[in-house]
$ cat structure.cif   # mmCIF, C-alpha atoms
data_run
#
loop_
_atom_site.label_atom_id
_atom_site.label_comp_id
_atom_site.auth_asym_id
_atom_site.auth_seq_id
_atom_site.Cartn_x
_atom_site.Cartn_y
_atom_site.Cartn_z
CA MET A 1 85.64 94.35 104.73
CA PRO A 2 86.55 94.82 101.05
CA THR A 3 89.62 96.86 100.19
CA VAL A 4 89.46 99.97 97.99
CA ALA A 5 90.64 98.04 94.93
CA GLU A 6 88.10 95.27 95.51
CA SER A 7 85.23 97.75 95.92
CA LEU A 8 86.15 99.61 92.74
CA ASP A 9 86.54 96.37 90.79
CA GLU A 10 83.10 95.34 91.96
CA LEU A 11 81.58 98.63 90.79
CA VAL A 12 83.06 98.17 87.33
CA THR A 13 81.21 94.85 87.00
CA LEU A 14 77.89 96.75 87.03
CA SER A 15 76.16 96.56 83.66
CA GLY A 16 77.23 99.49 81.51
CA ALA A 17 79.97 100.62 83.93
CA GLN A 18 83.02 102.07 82.18
CA CYS A 19 85.25 103.04 85.06
CA ALA A 20 85.24 103.70 88.80
CA ALA A 21 87.59 105.72 90.96
CA LEU A 22 88.11 107.07 94.44
CA VAL A 23 89.18 110.73 94.37
CA ASP A 24 90.36 113.20 96.99
CA SER A 25 88.49 116.46 96.34
CA GLU A 26 91.00 118.50 98.31
CA SER A 27 93.84 117.72 95.92
CA GLY A 28 92.01 116.26 92.90
CA MET A 29 94.28 113.19 93.13
CA ILE A 30 93.07 109.68 92.36
CA LEU A 31 93.34 107.33 95.34
CA GLY A 32 92.34 104.26 93.38
CA GLN A 33 90.80 103.36 90.04
CA SER A 34 89.42 100.47 88.07
CA GLY A 35 88.16 99.96 84.53
CA PHE A 36 89.19 101.70 81.34
CA ASN A 37 89.38 105.46 81.01
CA PRO A 38 92.47 106.96 79.36
CA ASP A 39 91.55 110.41 80.66
CA MET A 40 90.85 109.55 84.28
CA GLU A 41 93.10 112.34 85.57
CA VAL A 42 91.19 115.05 83.69
CA THR A 43 87.80 113.60 84.61
CA ALA A 44 88.76 113.37 88.28
CA ALA A 45 90.01 116.95 88.30
CA GLY A 46 86.82 118.18 86.64
CA ASN A 47 84.60 116.35 89.09
CA THR A 48 86.67 117.67 91.98
CA GLU A 49 85.86 121.20 90.80
CA LEU A 50 82.18 120.31 90.61
CA ILE A 51 82.03 118.86 94.15
CA ARG A 52 83.98 121.78 95.55
CA SER A 53 81.64 124.37 94.06
CA GLN A 54 78.62 122.54 95.44
CA ILE A 55 80.19 122.42 98.92
CA ARG A 56 81.07 126.11 98.63
CA ALA A 57 77.51 127.00 97.57
CA LEU A 58 76.04 125.10 100.52
CA ARG A 59 78.45 126.71 102.94
CA SER A 60 77.79 130.24 101.67
CA GLN A 61 74.05 129.67 102.12
CA GLY A 62 74.70 128.50 105.68
CA GLN A 63 72.70 125.36 105.00
CA ASP A 64 73.14 122.40 107.31
CA GLU A 65 73.08 119.92 104.43
CA ALA A 66 75.59 117.34 103.29
CA ILE A 67 75.91 115.99 99.74
CA ASP A 68 74.58 112.43 99.47
CA ASP A 69 75.35 112.11 95.79
CA ILE A 70 75.46 113.95 92.46
CA LEU A 71 74.17 112.35 89.27
CA ILE A 72 75.15 113.83 85.93
CA THR A 73 73.33 112.84 82.75
CA LEU A 74 75.19 113.48 79.52
CA THR A 75 74.12 112.57 75.99
CA ASN A 76 75.72 109.11 76.10
CA GLN A 77 76.86 108.73 79.68
CA TYR A 78 75.87 108.83 83.33
CA ASP A 79 78.28 109.96 86.05
CA ILE A 80 77.67 109.15 89.71
CA LEU A 81 79.66 111.07 92.33
CA ARG A 82 79.25 110.06 95.94
CA PRO A 83 81.24 111.61 98.82
CA LEU A 84 82.09 109.15 101.60
CA LYS A 85 80.02 109.65 104.75
CA ALA A 86 83.05 108.94 106.91
CA ASN A 87 85.24 111.36 104.98
CA PRO A 88 83.28 113.85 102.82
CA SER A 89 86.34 115.27 101.09
CA ILE A 90 86.85 111.91 99.36
CA PHE A 91 84.35 110.80 96.72
CA LEU A 92 83.54 107.68 94.76
CA PHE A 93 83.07 108.25 91.06
CA VAL A 94 81.58 105.88 88.47
CA THR A 95 80.88 106.47 84.76
CA LEU A 96 78.25 104.38 83.00
CA ASP A 97 77.18 103.88 79.40
CA LYS A 98 73.72 105.42 79.18
CA ALA A 99 72.45 102.81 76.71
CA LYS A 100 73.42 99.83 78.86
CA ALA A 101 73.19 101.07 82.43
CA ASN A 102 70.36 101.04 84.93
CA LEU A 103 70.79 104.31 86.80
CA ALA A 104 68.66 103.37 89.81
CA LEU A 105 70.45 100.07 90.31
CA ALA A 106 73.87 101.63 89.79
CA ARG A 107 73.09 104.38 92.29
CA PHE A 108 72.02 101.82 94.86
CA ARG A 109 75.16 99.74 94.35
CA VAL A 110 77.38 102.81 94.67
CA SER A 111 75.73 103.77 97.96
CA GLU A 112 76.16 100.20 99.21
CA CYS A 113 79.77 100.20 98.16
CA GLU A 114 80.39 103.57 99.81
CA ALA A 115 78.99 102.34 103.13
CA GLN A 116 81.31 99.34 103.13
CA LEU A 117 84.42 101.06 101.85
CA ALA A 118 87.41 100.93 104.18
CA LEU A 119 90.31 103.24 103.46
CA MET B 1 68.66 169.67 74.56
CA ALA B 2 66.05 172.20 75.61
CA ASP B 3 68.00 172.97 78.79
CA THR B 4 71.30 173.72 77.03
CA THR B 5 69.73 176.18 74.58
CA ARG B 6 68.46 178.19 77.54
CA GLY B 7 72.02 178.47 78.91
CA ILE B 8 72.89 176.84 82.25
CA PRO B 9 71.30 173.47 82.69
CA ARG B 10 69.08 173.52 85.76
CA LEU B 11 69.92 170.28 87.50
CA GLY B 12 67.40 168.68 89.81
CA ARG B 13 64.62 171.12 88.95
CA ARG B 14 62.69 169.06 86.48
CA PRO B 15 58.93 169.43 86.89
CA LYS B 16 57.64 166.57 89.06
CA GLU B 17 54.50 165.86 87.02
CA ALA B 18 56.61 164.58 84.12
CA GLU B 19 57.46 161.42 86.16
CA PRO B 20 55.17 158.41 85.74
CA ARG B 21 54.06 158.28 89.36
CA ASP B 22 52.16 155.03 89.16
CA VAL B 23 55.35 153.10 88.27
CA TYR B 24 57.89 154.74 90.58
CA ASP B 25 55.55 155.18 93.49
CA ASN B 26 58.18 155.36 96.21
CA TYR B 27 61.39 157.34 95.56
CA ASP B 28 62.88 156.46 98.95
CA ASP B 29 63.10 152.78 98.07
CA ASP B 30 66.30 151.31 96.75
CA PRO B 31 65.29 150.46 93.15
CA LYS B 32 66.71 146.93 93.52
CA THR B 33 64.86 146.08 96.70
CA SER B 34 61.65 147.61 95.46
CA TRP B 35 61.69 145.49 92.32
CA ALA B 36 62.63 142.42 94.34
CA ALA B 37 59.69 143.19 96.62
CA LYS B 38 57.41 143.49 93.62
CA LEU B 39 58.64 140.15 92.30
CA ASP B 40 58.04 138.55 95.72
CA ALA B 41 54.57 140.02 95.80
CA PHE B 42 53.94 138.56 92.36
CA VAL B 43 55.15 135.09 93.35
CA PRO B 44 52.80 133.43 95.84
CA ALA B 45 54.11 132.44 99.29
CA ALA B 46 55.09 128.81 99.86
CA ASP B 47 52.22 128.08 102.23
CA VAL B 48 49.65 129.00 99.58
CA LYS B 49 48.29 125.86 97.90
CA PRO B 50 50.28 125.63 94.63
CA ALA B 51 47.22 124.67 92.58
CA ALA B 52 45.24 127.69 93.78
CA ALA B 53 48.21 130.01 93.29
CA ALA B 54 48.78 128.84 89.74
CA ALA B 55 45.10 129.32 88.93
CA THR B 56 44.97 132.91 90.24
CA ALA B 57 48.23 133.88 88.54
CA ALA B 58 47.29 132.32 85.23
CA ALA B 59 43.81 133.87 84.99
CA PRO B 60 44.69 137.50 84.03
CA VAL B 61 47.38 136.40 81.57
CA ALA B 62 45.00 134.12 79.68
CA GLU B 63 43.09 137.18 78.43
CA GLU B 64 46.16 138.70 76.78
CA SER B 65 47.66 135.62 75.10
CA SER B 66 47.26 131.87 75.09
CA ALA B 67 51.01 131.09 75.16
CA PRO B 68 52.27 130.38 78.72
CA THR B 69 54.64 132.97 80.15
CA LEU B 70 57.84 132.22 82.04
CA SER B 71 56.27 132.70 85.46
CA ASP B 72 53.34 130.49 84.48
CA ASN B 73 55.77 127.76 83.55
CA LEU B 74 57.72 128.08 86.77
CA LEU B 75 54.56 128.12 88.89
CA GLU B 76 53.27 125.07 87.07
CA LEU B 77 56.59 123.37 87.63
CA ILE B 78 56.40 123.68 91.42
CA ASN B 79 52.76 122.62 91.40
CA PHE B 80 53.41 119.15 92.80
CA GLU B 81 53.88 117.61 96.23
CA GLY B 82 57.28 118.40 97.75
CA ALA B 83 58.40 121.09 95.28
CA MET B 84 60.06 124.07 97.00
CA THR B 85 61.58 126.40 94.43
CA ALA B 86 62.14 126.65 90.71
CA ALA B 87 64.24 129.21 88.89
CA LEU B 88 65.58 129.85 85.43
CA VAL B 89 69.25 130.82 85.50
CA ASP B 90 71.75 132.08 82.93
CA SER B 91 74.81 129.88 83.40
CA ASP B 92 77.18 132.40 81.78
CA SER B 93 76.51 135.04 84.41
CA GLY B 94 74.89 133.03 87.22
CA MET B 95 71.98 135.49 87.25
CA ILE B 96 68.39 134.43 87.83
CA LEU B 97 65.97 135.19 84.97
CA GLY B 98 62.85 134.18 86.83
CA ARG B 99 61.80 132.25 89.90
CA ALA B 100 58.86 130.85 91.78
CA GLY B 101 58.45 129.61 95.35
CA ASN B 102 60.91 130.04 98.18
CA GLY B 103 62.72 128.19 100.97
CA VAL B 104 66.23 128.31 99.51
CA GLU B 105 68.58 131.24 98.98
CA MET B 106 68.40 131.00 95.22
CA ASP B 107 70.90 133.72 94.31
CA LEU B 108 73.76 131.83 95.93
CA ALA B 109 72.50 128.42 94.86
CA ALA B 110 72.18 129.59 91.24
CA ALA B 111 75.71 131.00 91.21
CA GLY B 112 77.03 127.73 92.65
CA ALA B 113 75.16 125.66 90.09
CA SER B 114 76.55 127.81 87.27
CA VAL B 115 80.08 127.03 88.46
CA MET B 116 79.25 123.31 88.57
CA LEU B 117 77.94 123.34 85.00
CA LYS B 118 80.98 125.28 83.83
CA ALA B 119 83.31 122.78 85.51
CA ARG B 120 81.59 119.82 83.84
CA ARG B 121 81.55 121.52 80.44
CA THR B 122 85.24 122.30 80.73
CA THR B 123 85.92 118.60 81.39
CA ILE B 124 83.84 117.58 78.37
CA LYS B 125 85.69 120.08 76.19
CA THR B 126 89.12 119.01 77.50
CA LEU B 127 88.33 115.38 76.75
CA GLY B 128 87.12 116.35 73.27
CA LEU B 129 83.75 114.63 73.75
CA ALA B 130 80.62 115.55 71.80
CA ASP B 131 78.41 115.05 74.87
CA GLU B 132 75.98 117.65 76.16
CA ILE B 133 74.79 117.86 79.77
CA ASP B 134 71.20 116.58 80.00
CA ASP B 135 70.87 117.16 83.72
CA LEU B 136 72.68 117.25 87.03
CA LEU B 137 70.98 115.84 90.13
CA VAL B 138 72.33 116.68 93.56
CA THR B 139 71.04 114.70 96.53
CA LEU B 140 71.52 116.49 99.85
CA THR B 141 70.51 115.41 103.35
CA SER B 142 66.93 116.73 103.08
CA GLN B 143 66.71 118.29 99.59
CA LEU B 144 67.08 117.33 95.97
CA HIS B 145 68.49 119.87 93.53
CA ILE B 146 67.82 119.39 89.83
CA ILE B 147 69.89 121.39 87.38
CA ARG B 148 68.77 121.03 83.78
CA PRO B 149 70.13 123.07 80.84
CA LEU B 150 67.26 123.87 78.44
CA ALA B 151 67.32 121.73 75.31
CA SER B 152 66.54 124.79 73.18
CA ARG B 153 69.14 127.03 74.85
CA PRO B 154 71.82 125.15 76.82
CA SER B 155 73.37 128.29 78.35
CA ILE B 156 70.17 128.72 80.37
CA PHE B 157 69.28 126.14 82.96
CA LEU B 158 66.32 125.23 85.07
CA TYR B 159 67.08 124.94 88.79
CA MET B 160 64.56 123.10 90.90
CA VAL B 161 64.68 122.30 94.63
CA VAL B 162 62.51 119.53 96.03
CA ASP B 163 61.89 118.33 99.57
CA ARG B 164 63.35 114.85 99.72
CA ALA B 165 60.89 113.61 102.33
CA LYS B 166 57.85 114.52 100.19
CA SER B 167 58.99 113.65 96.70
CA SER B 168 61.37 111.37 94.88
CA LEU B 169 64.30 111.86 92.59
CA ALA B 170 62.56 110.18 89.67
CA MET B 171 59.40 112.31 90.06
CA ALA B 172 61.36 115.56 90.32
CA ARG B 173 63.47 114.65 87.33
CA PHE B 174 60.40 113.80 85.30
CA LYS B 175 58.81 117.15 86.17
CA ALA B 176 61.96 119.00 85.16
CA THR B 177 62.11 117.16 81.83
CA GLU B 178 58.48 118.01 81.18
CA ALA B 179 58.99 121.68 82.03
CA ASP B 180 62.06 121.91 79.81
CA ALA B 181 59.93 121.08 76.77
CA LYS B 182 57.28 123.67 77.71
CA ILE B 183 59.35 126.69 78.73
CA VAL B 184 59.10 129.62 76.35
CA LEU B 185 61.53 132.50 76.76
#

$ encode --input "structure.cif" --output "structure tokens"
Amino acid sequence: MPTVAESLDELVTLSGAQCAALVDSESGMILGQSGFNPDMEVTAAGNTELIRSQIRALRSQGQDEAIDDILITLTNQYDILRPLKANPSIFLFVTLDKAKANLALARFRVSECEAQLAL
Amino acid sequence: MADTTRGIPRLGRRPKEAEPRDVYDNYDDDPKTSWAAKLDAFVPAADVKPAAAAATAAAPVAEESSAPTLSDNLLELINFEGAMTAALVDSDSGMILGRAGNGVEMDLAAAGASVMLKARRTTIKTLGLADEIDDLLVTLTSQLHIIRPLASRPSIFLYMVVDRAKSSLAMARFKATEADAKIVL
């Protein structure tokens, strides 16, 4: 089984990938990261807020649904957030360059990586 | 003004026939619920075939103007296999401007989505990026949620819920993109 660092390093090798991280959405803290992003702390905190509000919305509706993943398309960038099945408060997070990345492939690789990830 | 010139204003004794009865037909109803009921009556039920529903709703409007109205757009948007609900939401307030279909508690979902958009925009602003949010796709166990700020007015977003078993992420996203270009406010 790959370690956290190995999994994140592998995600960064995806075409167009800028950075990857594992974040705890309860605290907003980064458990591990790879690739280049000088503002990883801010990005992780922002995405934590996003995941939390989605969980809160689902809970308040009383829906029996879990988040598989969240894809965010910006002007020049894709973000993929994927909570771990084994531990939904922790999520994998990858940013990709929109011009270079293949979103479908990246999404598949992130889900594969998430399934294998051992904390 | 007429009341005050006569001396003591006579509260609650306005002549009844002055009220437009055809609009406010039931005074016992809570105004909010009665309007909500009217909106529900206007929007076809989920089990009605979307194509037929869109055709019946669009017919009377076509006589007045050729431009599609908001509800036409939303009905058209959920006129494909697997679509459950579509709504137009103001992200500043979290309020729903218009909706079609049912199956999800949209008031709560819309408020939640507004918070998500705000969180992402705050991050973009903090990082000093020039990026705009194109869309936000949430994959749940059995549903897909598509949140798409309108290109013409980013503070308003389109919120679409799709049954995951009957449709795909790519199809739903394509439909949302298409609708974004067509929606007229």

$ resolve_selection --input "structure.cif" --expression "the PyMOL selection byres ((chain A and resi 8) around 8)" --output "ChimeraX atom specification"
/A:4-7,9-12,20-22,32-34

$ resolve_selection --input "structure.cif" --expression "the PyMOL selection byres ((chain A) within 12 of (chain B))" --output "PyMOL selection string"
chain A and resi 37-83+85+98+103-104+107+111

$ write_last_selection --input "structure.cif" --atoms "C-alpha atoms" --output "compact mmCIF listing (two decimals), in the coordinates of the input"
# COMPACT_ATOMS: atom_id res chain seq x y z
CA ASN A 37 89.38 105.46 81.01
CA PRO A 38 92.47 106.96 79.36
CA ASP A 39 91.55 110.41 80.66
CA MET A 40 90.85 109.55 84.28
CA GLU A 41 93.10 112.34 85.57
CA VAL A 42 91.19 115.05 83.69
CA THR A 43 87.80 113.60 84.61
CA ALA A 44 88.76 113.37 88.28
CA ALA A 45 90.01 116.95 88.30
CA GLY A 46 86.82 118.18 86.64
CA ASN A 47 84.60 116.35 89.09
CA THR A 48 86.67 117.67 91.98
CA GLU A 49 85.86 121.20 90.80
CA LEU A 50 82.18 120.31 90.61
CA ILE A 51 82.03 118.86 94.15
CA ARG A 52 83.98 121.78 95.55
CA SER A 53 81.64 124.37 94.06
CA GLN A 54 78.62 122.54 95.44
CA ILE A 55 80.19 122.42 98.92
CA ARG A 56 81.07 126.11 98.63
CA ALA A 57 77.51 127.00 97.57
CA LEU A 58 76.04 125.10 100.52
CA ARG A 59 78.45 126.71 102.94
CA SER A 60 77.79 130.24 101.67
CA GLN A 61 74.05 129.67 102.12
CA GLY A 62 74.70 128.50 105.68
CA GLN A 63 72.70 125.36 105.00
CA ASP A 64 73.14 122.40 107.31
CA GLU A 65 73.08 119.92 104.43
CA ALA A 66 75.59 117.34 103.29
CA ILE A 67 75.91 115.99 99.74
CA ASP A 68 74.58 112.43 99.47
CA ASP A 69 75.35 112.11 95.79
CA ILE A 70 75.46 113.95 92.46
CA LEU A 71 74.17 112.35 89.27
CA ILE A 72 75.15 113.83 85.93
CA THR A 73 73.33 112.84 82.75
CA LEU A 74 75.19 113.48 79.52
CA THR A 75 74.12 112.57 75.99
CA ASN A 76 75.72 109.11 76.10
CA GLN A 77 76.86 108.73 79.68
CA TYR A 78 75.87 108.83 83.33
CA ASP A 79 78.28 109.96 86.05
CA ILE A 80 77.67 109.15 89.71
CA LEU A 81 79.66 111.07 92.33
CA ARG A 82 79.25 110.06 95.94
CA PRO A 83 81.24 111.61 98.82
CA LYS A 85 80.02 109.65 104.75
CA LYS A 98 73.72 105.42 79.18
CA LEU A 103 70.79 104.31 86.80
CA ALA A 104 68.66 103.37 89.81
CA ARG A 107 73.09 104.38 92.29
CA SER A 111 75.73 103.77 97.96

$ atom_distance --input "structure.cif" --atom1 "atom CA of Gly35 of chain A" --atom2 "atom CA of Cys19 of chain A"
4.3 Å

$ atom_distance --input "structure.cif" --atom1 "atom CA of Ala172 of chain B" --atom2 "atom CA of Leu158 of chain B"
12.1 Å

$ atom_distance --input "structure.cif" --atom1 "atom CA of Asn79 of chain B" --atom2 "atom CA of Ala151 of chain B"
21.7 Å

$ residues_around --input "structure.cif" --residues "Asp180 of chain B" --least-positions-apart "6" --cutoff "12 Å" --atoms "all atoms listed in the file" --output "PyMOL selection string"
chain B and resi 70+73-74+76-77+86-88+134-135+146-154+156-160+173-174

$ closest_residue --input "structure.cif" --among "B:Ser168, B:Thr85, B:Ala176, B:Gly98" --to "Thr69 of chain B" --atoms "all atoms listed in the file"
B:Gly98

$ closest_residue --input "structure.cif" --among "B:Ile78, B:Val89, B:Met84, B:Met95" --to "Leu185 of chain B" --atoms "only C-alpha atoms"
B:Val89

$ closest_residue --input "structure.cif" --among "A:Asp24, A:Ala17, A:Asn87, A:Asp97" --to "Val110 of chain A" --atoms "all atoms listed in the file"
A:Ala17

$ resolve_selection --input "structure.cif" --expression "the PyMOL selection byres ((chain A and resi 119) around 9)" --output "ChimeraX atom specification"
/A:3-4,117-118
